[in-house]
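Below is one structure, written out as structure tokens; comments come after it.
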Amino acid sequence: MMKLVLLSLVLILMGCKPATDACSNVQEQEMTQSDTCKTDPPSLPDPVGEIPNEALLFSTSVIFTNFEREQEEKVHKALEIIKAVVASREFRKRVYHFTYNGKQAFVDNQGYSNEDIYQILLNASEKLNPGNDHEMDLDLELYYSYKNTVGYTYPNVMRIWMNTKYFNVYTPAEVAGNIFHEWTHKLGFTHDTQYSAARDASVPYALGYIIRNLGKHYE
Ligand SMILES: [Zn+2]
């Protein structure tokens, strides 16, 4: 009987995890490392650090041309999604860690690092409406074309045109991705006209996909 009790005790002791495991989730939380687990050796620093205030305050403003009420509502949902994604830790991580062809950098990045690009997005200083106002300034117009263009814009205008052929069937997260793509053109980023895997890693395409994919969780 005593033997059995001792054996159980040994098994219980073996079942105990080392104290350091209690801290394994700390990196995903908003608290600073010094708040928890003071006796443990310092864990690795969070690779993306704290979410800056600009990400939490990031806002949008929009002018509509040729929109029905329902279509405007879809855009408003899309803009709520964009704000939620931009304010998220996951968005910061995706931008910071974006990798193409083994290099941690966007294609057509104009010499900017991933961290720079994250800050440029938060600054939201459109080339034609400069100033770090942390606000996406949007001038949207709907049009219809049978062609396979989802949306487009030109460097010399603020306006972004969106094709109702896609807009009307897109989910709010897909619209969010498209608006974000076009808006990065307003920040001065460009991409190839021809499709390629590299083009998908350009600032406009890659960020449009990140917004769309993370945005699905906020629909
Ligand atoms: Zn584009």
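Quick note on naming: the chains in the structure tokens go A, B, ... in the order shown, residues restart at 1 in each chain, and ligands are numbered from 1 in order of appearance.
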Distance table requested - chain A against ligand 1, cut-off 10 Å, only C-alpha atoms and all ligand atoms: one row per qualifying residue with the closest atom pair and its distance in Å to one decimal, ordered by chain and rising residue number, as a Markdown table.
| residue | atom | partner | partner_atom_place_in_ligand_line | distance |
| --- | --- | --- | --- | --- |
| A:Thr149 | CA | ligand 1 | 1 (Zn) | 9.8 |
| A:Val150 | CA | ligand 1 | 1 (Zn) | 9.4 |
| A:Gly151 | CA | ligand 1 | 1 (Zn) | 7.7 |
| A:Tyr152 | CA | ligand 1 | 1 (Zn) | 6.4 |
| A:Thr153 | CA | ligand 1 | 1 (Zn) | 7.7 |
| A:Tyr154 | CA | ligand 1 | 1 (Zn) | 9.6 |
| A:Asn178 | CA | ligand 1 | 1 (Zn) | 8.8 |
| A:Ile179 | CA | ligand 1 | 1 (Zn) | 9.9 |
| A:Phe180 | CA | ligand 1 | 1 (Zn) | 9.7 |
| A:His181 | CA | ligand 1 | 1 (Zn) | 6.1 |
| A:Glu182 | CA | ligand 1 | 1 (Zn) | 5.6 |
| A:Trp183 | CA | ligand 1 | 1 (Zn) | 8.8 |
| A:Thr184 | CA | ligand 1 | 1 (Zn) | 8.2 |
| A:His185 | CA | ligand 1 | 1 (Zn) | 6.7 |
| A:Phe189 | CA | ligand 1 | 1 (Zn) | 8.7 |
| A:Thr190 | CA | ligand 1 | 1 (Zn) | 6.7 |
| A:His191 | CA | ligand 1 | 1 (Zn) | 6.4 |
| A:Asp192 | CA | ligand 1 | 1 (Zn) | 8.4 |
| A:Thr193 | CA | ligand 1 | 1 (Zn) | 8.1 |
| A:Arg199 | CA | ligand 1 | 1 (Zn) | 9.7 |
| A:Ser202 | CA | ligand 1 | 1 (Zn) | 9.4 |
| A:Val203 | CA | ligand 1 | 1 (Zn) | 9.3 |
| A:Pro204 | CA | ligand 1 | 1 (Zn) | 6.0 |
| A:Tyr205 | CA | ligand 1 | 1 (Zn) | 6.9 |
| A:Gly208 | CA | ligand 1 | 1 (Zn) | 9.4 |
Any chance you could tabulate, as a Markdown table, the residues of stretch 91-149 of chain A at most 10 Å from stretch 47-59 of chain A with each one's nearest atom pair and distance in Å to one decimal, using only C-alpha atoms, in chain and rising number order?
| residue | atom | partner | partner_atom | distance |
| --- | --- | --- | --- | --- |
| A:Phe91 | CA | A:Ala55 | CA | 9.9 |
| A:Arg92 | CA | A:Val48 | CA | 6.9 |
| A:Lys93 | CA | A:Val48 | CA | 6.2 |
| A:Arg94 | CA | A:Val48 | CA | 9.7 |
| A:Val95 | CA | A:Val48 | CA | 9.7 |
| A:Tyr96 | CA | A:Val48 | CA | 7.0 |
| A:His97 | CA | A:Val48 | CA | 8.9 |
| A:Glu115 | CA | A:Val48 | CA | 9.2 |
| A:Tyr118 | CA | A:Ala55 | CA | 9.5 |
| A:Gln119 | CA | A:Glu54 | CA | 9.0 |
| A:Leu121 | CA | A:Ala55 | CA | 9.1 |
| A:Leu122 | CA | A:Ala55 | CA | 6.1 |
| A:Asn123 | CA | A:Glu54 | CA | 7.6 |
| A:Ala124 | CA | A:Phe58 | CA | 8.6 |
| A:Asn132 | CA | A:Glu54 | CA | 9.8 |
| A:Asp133 | CA | A:Phe58 | CA | 8.6 |
| A:His134 | CA | A:Phe58 | CA | 5.2 |
| A:Glu135 | CA | A:Ser59 | CA | 4.6 |
| A:Met136 | CA | A:Ser59 | CA | 6.3 |
| A:Asp137 | CA | A:Ser59 | CA | 8.9 |
Those same residues - C-alpha atoms - I'd like them written as a PDB file, in the first residue's frame.
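The resulting file, out_39.pdb, is reproduced below:
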ATOM      1  CA  PHE A  91      -1.888  42.876 -39.093  1.00  0.00           C
ATOM      2  CA  ARG A  92       1.291  44.339 -37.625  1.00  0.00           C
ATOM      3  CA  LYS A  93       2.825  40.853 -37.569  1.00  0.00           C
ATOM      4  CA  ARG A  94       1.830  40.082 -41.151  1.00  0.00           C
ATOM      5  CA  VAL A  95       3.343  43.322 -42.429  1.00  0.00           C
ATOM      6  CA  TYR A  96       6.526  43.054 -40.347  1.00  0.00           C
ATOM      7  CA  HIS A  97       7.104  39.420 -41.287  1.00  0.00           C
ATOM      8  CA  GLU A 115       8.574  48.312 -40.708  1.00  0.00           C
ATOM      9  CA  TYR A 118       3.735  49.676 -41.728  1.00  0.00           C
ATOM     10  CA  GLN A 119       4.464  53.218 -40.529  1.00  0.00           C
ATOM     11  CA  LEU A 121       0.257  52.985 -43.829  1.00  0.00           C
ATOM     12  CA  LEU A 122      -0.437  54.358 -40.355  1.00  0.00           C
ATOM     13  CA  ASN A 123       0.678  57.853 -41.377  1.00  0.00           C
ATOM     14  CA  ALA A 124      -1.871  57.713 -44.218  1.00  0.00           C
ATOM     15  CA  ASN A 132       0.214  62.350 -41.341  1.00  0.00           C
ATOM     16  CA  ASP A 133      -3.446  62.478 -40.355  1.00  0.00           C
ATOM     17  CA  HIS A 134      -3.756  58.696 -39.805  1.00  0.00           C
ATOM     18  CA  GLU A 135      -6.887  58.844 -41.921  1.00  0.00           C
ATOM     19  CA  MET A 136      -7.582  57.089 -45.230  1.00  0.00           C
ATOM     20  CA  ASP A 137      -9.015  59.791 -47.482  1.00  0.00           C
TER      21      ASP A 137
END
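When the distance limit is 9 Å and only C-alpha atoms are what count, the residues near stretch 60-74 of chain A, minus those fewer than 2 positions from it on the same chain, are Phe58, His76, Lys77, Ala78, Leu79, Glu80, Ile82, Lys83, His134, Glu135, Met136, Asp137, Leu138, Asp139, Leu140, Glu141, Leu142, Tyr143, Phe167, Asn168, Thr171, Pro172 and Val175 of chain A.
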Can you list, as a PyMOL selection string, every residue of stretch 88-128 of chain A that DSSP puts in alpha helix (DSSP H)?
chain A and resi 89-96+114-123
Those same residues - C-alpha atoms - I'd like them written as a PDB file, in the first residue's frame.
ATOM      1  CA  ARG A  89      -1.701  42.720 -33.625  1.00  0.00           C
ATOM      2  CA  GLU A  90      -2.002  40.165 -36.414  1.00  0.00           C
ATOM      3  CA  PHE A  91      -1.888  42.876 -39.093  1.00  0.00           C
ATOM      4  CA  ARG A  92       1.291  44.339 -37.625  1.00  0.00           C
ATOM      5  CA  LYS A  93       2.825  40.853 -37.569  1.00  0.00           C
ATOM      6  CA  ARG A  94       1.830  40.082 -41.151  1.00  0.00           C
ATOM      7  CA  VAL A  95       3.343  43.322 -42.429  1.00  0.00           C
ATOM      8  CA  TYR A  96       6.526  43.054 -40.347  1.00  0.00           C
ATOM      9  CA  ASN A 114       8.458  46.197 -43.877  1.00  0.00           C
ATOM     10  CA  GLU A 115       8.574  48.312 -40.708  1.00  0.00           C
ATOM     11  CA  ASP A 116       8.756  51.508 -42.798  1.00  0.00           C
ATOM     12  CA  ILE A 117       5.768  50.406 -44.848  1.00  0.00           C
ATOM     13  CA  TYR A 118       3.735  49.676 -41.728  1.00  0.00           C
ATOM     14  CA  GLN A 119       4.464  53.218 -40.529  1.00  0.00           C
ATOM     15  CA  ILE A 120       3.653  54.711 -43.955  1.00  0.00           C
ATOM     16  CA  LEU A 121       0.257  52.985 -43.829  1.00  0.00           C
ATOM     17  CA  LEU A 122      -0.437  54.358 -40.355  1.00  0.00           C
ATOM     18  CA  ASN A 123       0.678  57.853 -41.377  1.00  0.00           C
TER      19      ASN A 123
END
Which residue of A:Ala206, A:Val169, A:Ile81, A:Leu128 approaches A:Phe106 most closely, using only C-alpha atoms
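The answer is A:Ala206, which sits nearest to A:Phe106.
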Using only C-alpha atoms, the residue out of A:Asn156, A:Ser125, A:Gln194, A:Glu174 with shortest distance to A:Ile210 is A:Glu174
Between atom CA of A:Tyr144 and atom CA of A:Asp200 lies a distance of 24.8 Å
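Of the residues listed (A:Ala197, A:Val107, A:Asn148, A:Lys186), A:Lys186 shows the shortest atom-to-atom separation from A:Ile160; distances use only C-alpha atoms.
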If DSSP is run on the backbone, what residues of stretch 45-181 of chain A are strand (DSSP E)? A reply as a PyMOL selection string would be ideal.
chain A and resi 59-65+135-143+151-153+159-163
Residues from last step as file, N, CA and C atoms, as a PDB file, in the first residue's frame:
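Listing of selection_37.pdb after writing:
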ATOM      1  N   SER A  59      -8.319  56.094 -38.945  1.00  0.00           N
ATOM      2  CA  SER A  59      -9.712  56.377 -39.315  1.00  0.00           C
ATOM      3  C   SER A  59      -9.856  56.476 -40.829  1.00  0.00           C
ATOM      4  N   THR A  60     -11.067  56.714 -41.274  1.00  0.00           N
ATOM      5  CA  THR A  60     -11.348  56.778 -42.712  1.00  0.00           C
ATOM      6  C   THR A  60     -12.308  57.929 -42.981  1.00  0.00           C
ATOM      7  N   SER A  61     -12.200  58.492 -44.195  1.00  0.00           N
ATOM      8  CA  SER A  61     -13.229  59.443 -44.620  1.00  0.00           C
ATOM      9  C   SER A  61     -13.501  59.155 -46.085  1.00  0.00           C
ATOM     10  N   VAL A  62     -14.746  59.291 -46.505  1.00  0.00           N
ATOM     11  CA  VAL A  62     -15.087  58.834 -47.851  1.00  0.00           C
ATOM     12  C   VAL A  62     -16.094  59.759 -48.528  1.00  0.00           C
ATOM     13  N   ILE A  63     -15.873  59.970 -49.826  1.00  0.00           N
ATOM     14  CA  ILE A  63     -16.823  60.689 -50.688  1.00  0.00           C
ATOM     15  C   ILE A  63     -17.333  59.669 -51.708  1.00  0.00           C
ATOM     16  N   PHE A  64     -18.661  59.651 -51.931  1.00  0.00           N
ATOM     17  CA  PHE A  64     -19.242  58.674 -52.863  1.00  0.00           C
ATOM     18  C   PHE A  64     -19.734  59.341 -54.144  1.00  0.00           C
ATOM     19  N   THR A  65     -19.507  58.669 -55.268  1.00  0.00           N
ATOM     20  CA  THR A  65     -20.124  59.071 -56.539  1.00  0.00           C
ATOM     21  C   THR A  65     -20.723  57.832 -57.188  1.00  0.00           C
ATOM     22  N   GLU A 135      -5.539  59.006 -41.385  1.00  0.00           N
ATOM     23  CA  GLU A 135      -6.887  58.844 -41.921  1.00  0.00           C
ATOM     24  C   GLU A 135      -6.796  58.508 -43.411  1.00  0.00           C
ATOM     25  N   MET A 136      -7.475  57.446 -43.806  1.00  0.00           N
ATOM     26  CA  MET A 136      -7.582  57.089 -45.230  1.00  0.00           C
ATOM     27  C   MET A 136      -8.566  58.056 -45.853  1.00  0.00           C
ATOM     28  N   ASP A 137      -8.104  58.876 -46.791  1.00  0.00           N
ATOM     29  CA  ASP A 137      -9.015  59.791 -47.482  1.00  0.00           C
ATOM     30  C   ASP A 137      -9.422  59.152 -48.798  1.00  0.00           C
ATOM     31  N   LEU A 138     -10.708  58.874 -48.937  1.00  0.00           N
ATOM     32  CA  LEU A 138     -11.183  58.120 -50.097  1.00  0.00           C
ATOM     33  C   LEU A 138     -12.201  58.901 -50.898  1.00  0.00           C
ATOM     34  N   ASP A 139     -12.036  58.821 -52.226  1.00  0.00           N
ATOM     35  CA  ASP A 139     -12.992  59.403 -53.169  1.00  0.00           C
ATOM     36  C   ASP A 139     -13.350  58.262 -54.125  1.00  0.00           C
ATOM     37  N   LEU A 140     -14.522  57.668 -53.911  1.00  0.00           N
ATOM     38  CA  LEU A 140     -14.871  56.428 -54.613  1.00  0.00           C
ATOM     39  C   LEU A 140     -15.967  56.664 -55.646  1.00  0.00           C
ATOM     40  N   GLU A 141     -15.806  56.040 -56.806  1.00  0.00           N
ATOM     41  CA  GLU A 141     -16.860  56.099 -57.825  1.00  0.00           C
ATOM     42  C   GLU A 141     -17.126  54.705 -58.364  1.00  0.00           C
ATOM     43  N   LEU A 142     -18.409  54.366 -58.469  1.00  0.00           N
ATOM     44  CA  LEU A 142     -18.782  53.070 -59.059  1.00  0.00           C
ATOM     45  C   LEU A 142     -19.029  53.245 -60.550  1.00  0.00           C
ATOM     46  N   TYR A 143     -18.652  52.240 -61.312  1.00  0.00           N
ATOM     47  CA  TYR A 143     -18.946  52.197 -62.756  1.00  0.00           C
ATOM     48  C   TYR A 143     -19.173  50.745 -63.111  1.00  0.00           C
ATOM     49  N   GLY A 151     -10.911  47.346 -60.048  1.00  0.00           N
ATOM     50  CA  GLY A 151     -10.885  48.773 -59.722  1.00  0.00           C
ATOM     51  C   GLY A 151      -9.618  49.383 -60.299  1.00  0.00           C
ATOM     52  N   TYR A 152      -9.582  50.708 -60.351  1.00  0.00           N
ATOM     53  CA  TYR A 152      -8.371  51.370 -60.850  1.00  0.00           C
ATOM     54  C   TYR A 152      -8.338  52.803 -60.350  1.00  0.00           C
ATOM     55  N   THR A 153      -7.182  53.416 -60.536  1.00  0.00           N
ATOM     56  CA  THR A 153      -7.023  54.830 -60.213  1.00  0.00           C
ATOM     57  C   THR A 153      -5.868  55.374 -61.042  1.00  0.00           C
ATOM     58  N   ARG A 159      -9.419  60.131 -56.913  1.00  0.00           N
ATOM     59  CA  ARG A 159     -10.544  59.217 -57.139  1.00  0.00           C
ATOM     60  C   ARG A 159     -10.096  57.776 -57.437  1.00  0.00           C
ATOM     61  N   ILE A 160     -10.887  56.855 -56.885  1.00  0.00           N
ATOM     62  CA  ILE A 160     -10.707  55.415 -57.122  1.00  0.00           C
ATOM     63  C   ILE A 160     -12.001  54.913 -57.754  1.00  0.00           C
ATOM     64  N   TRP A 161     -11.893  54.232 -58.894  1.00  0.00           N
ATOM     65  CA  TRP A 161     -13.059  53.688 -59.570  1.00  0.00           C
ATOM     66  C   TRP A 161     -13.183  52.201 -59.263  1.00  0.00           C
ATOM     67  N   MET A 162     -14.407  51.780 -58.967  1.00  0.00           N
ATOM     68  CA  MET A 162     -14.632  50.362 -58.650  1.00  0.00           C
ATOM     69  C   MET A 162     -15.739  49.819 -59.543  1.00  0.00           C
ATOM     70  N   ASN A 163     -15.483  48.651 -60.136  1.00  0.00           N
ATOM     71  CA  ASN A 163     -16.388  48.030 -61.103  1.00  0.00           C
ATOM     72  C   ASN A 163     -17.512  47.284 -60.367  1.00  0.00           C
TER      73      ASN A 163
END
Atom CA of A:Gly131 and atom CA of A:Met158 are how many Å apart?
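Separation of atom CA of A:Gly131 and atom CA of A:Met158: 14.5 Å.
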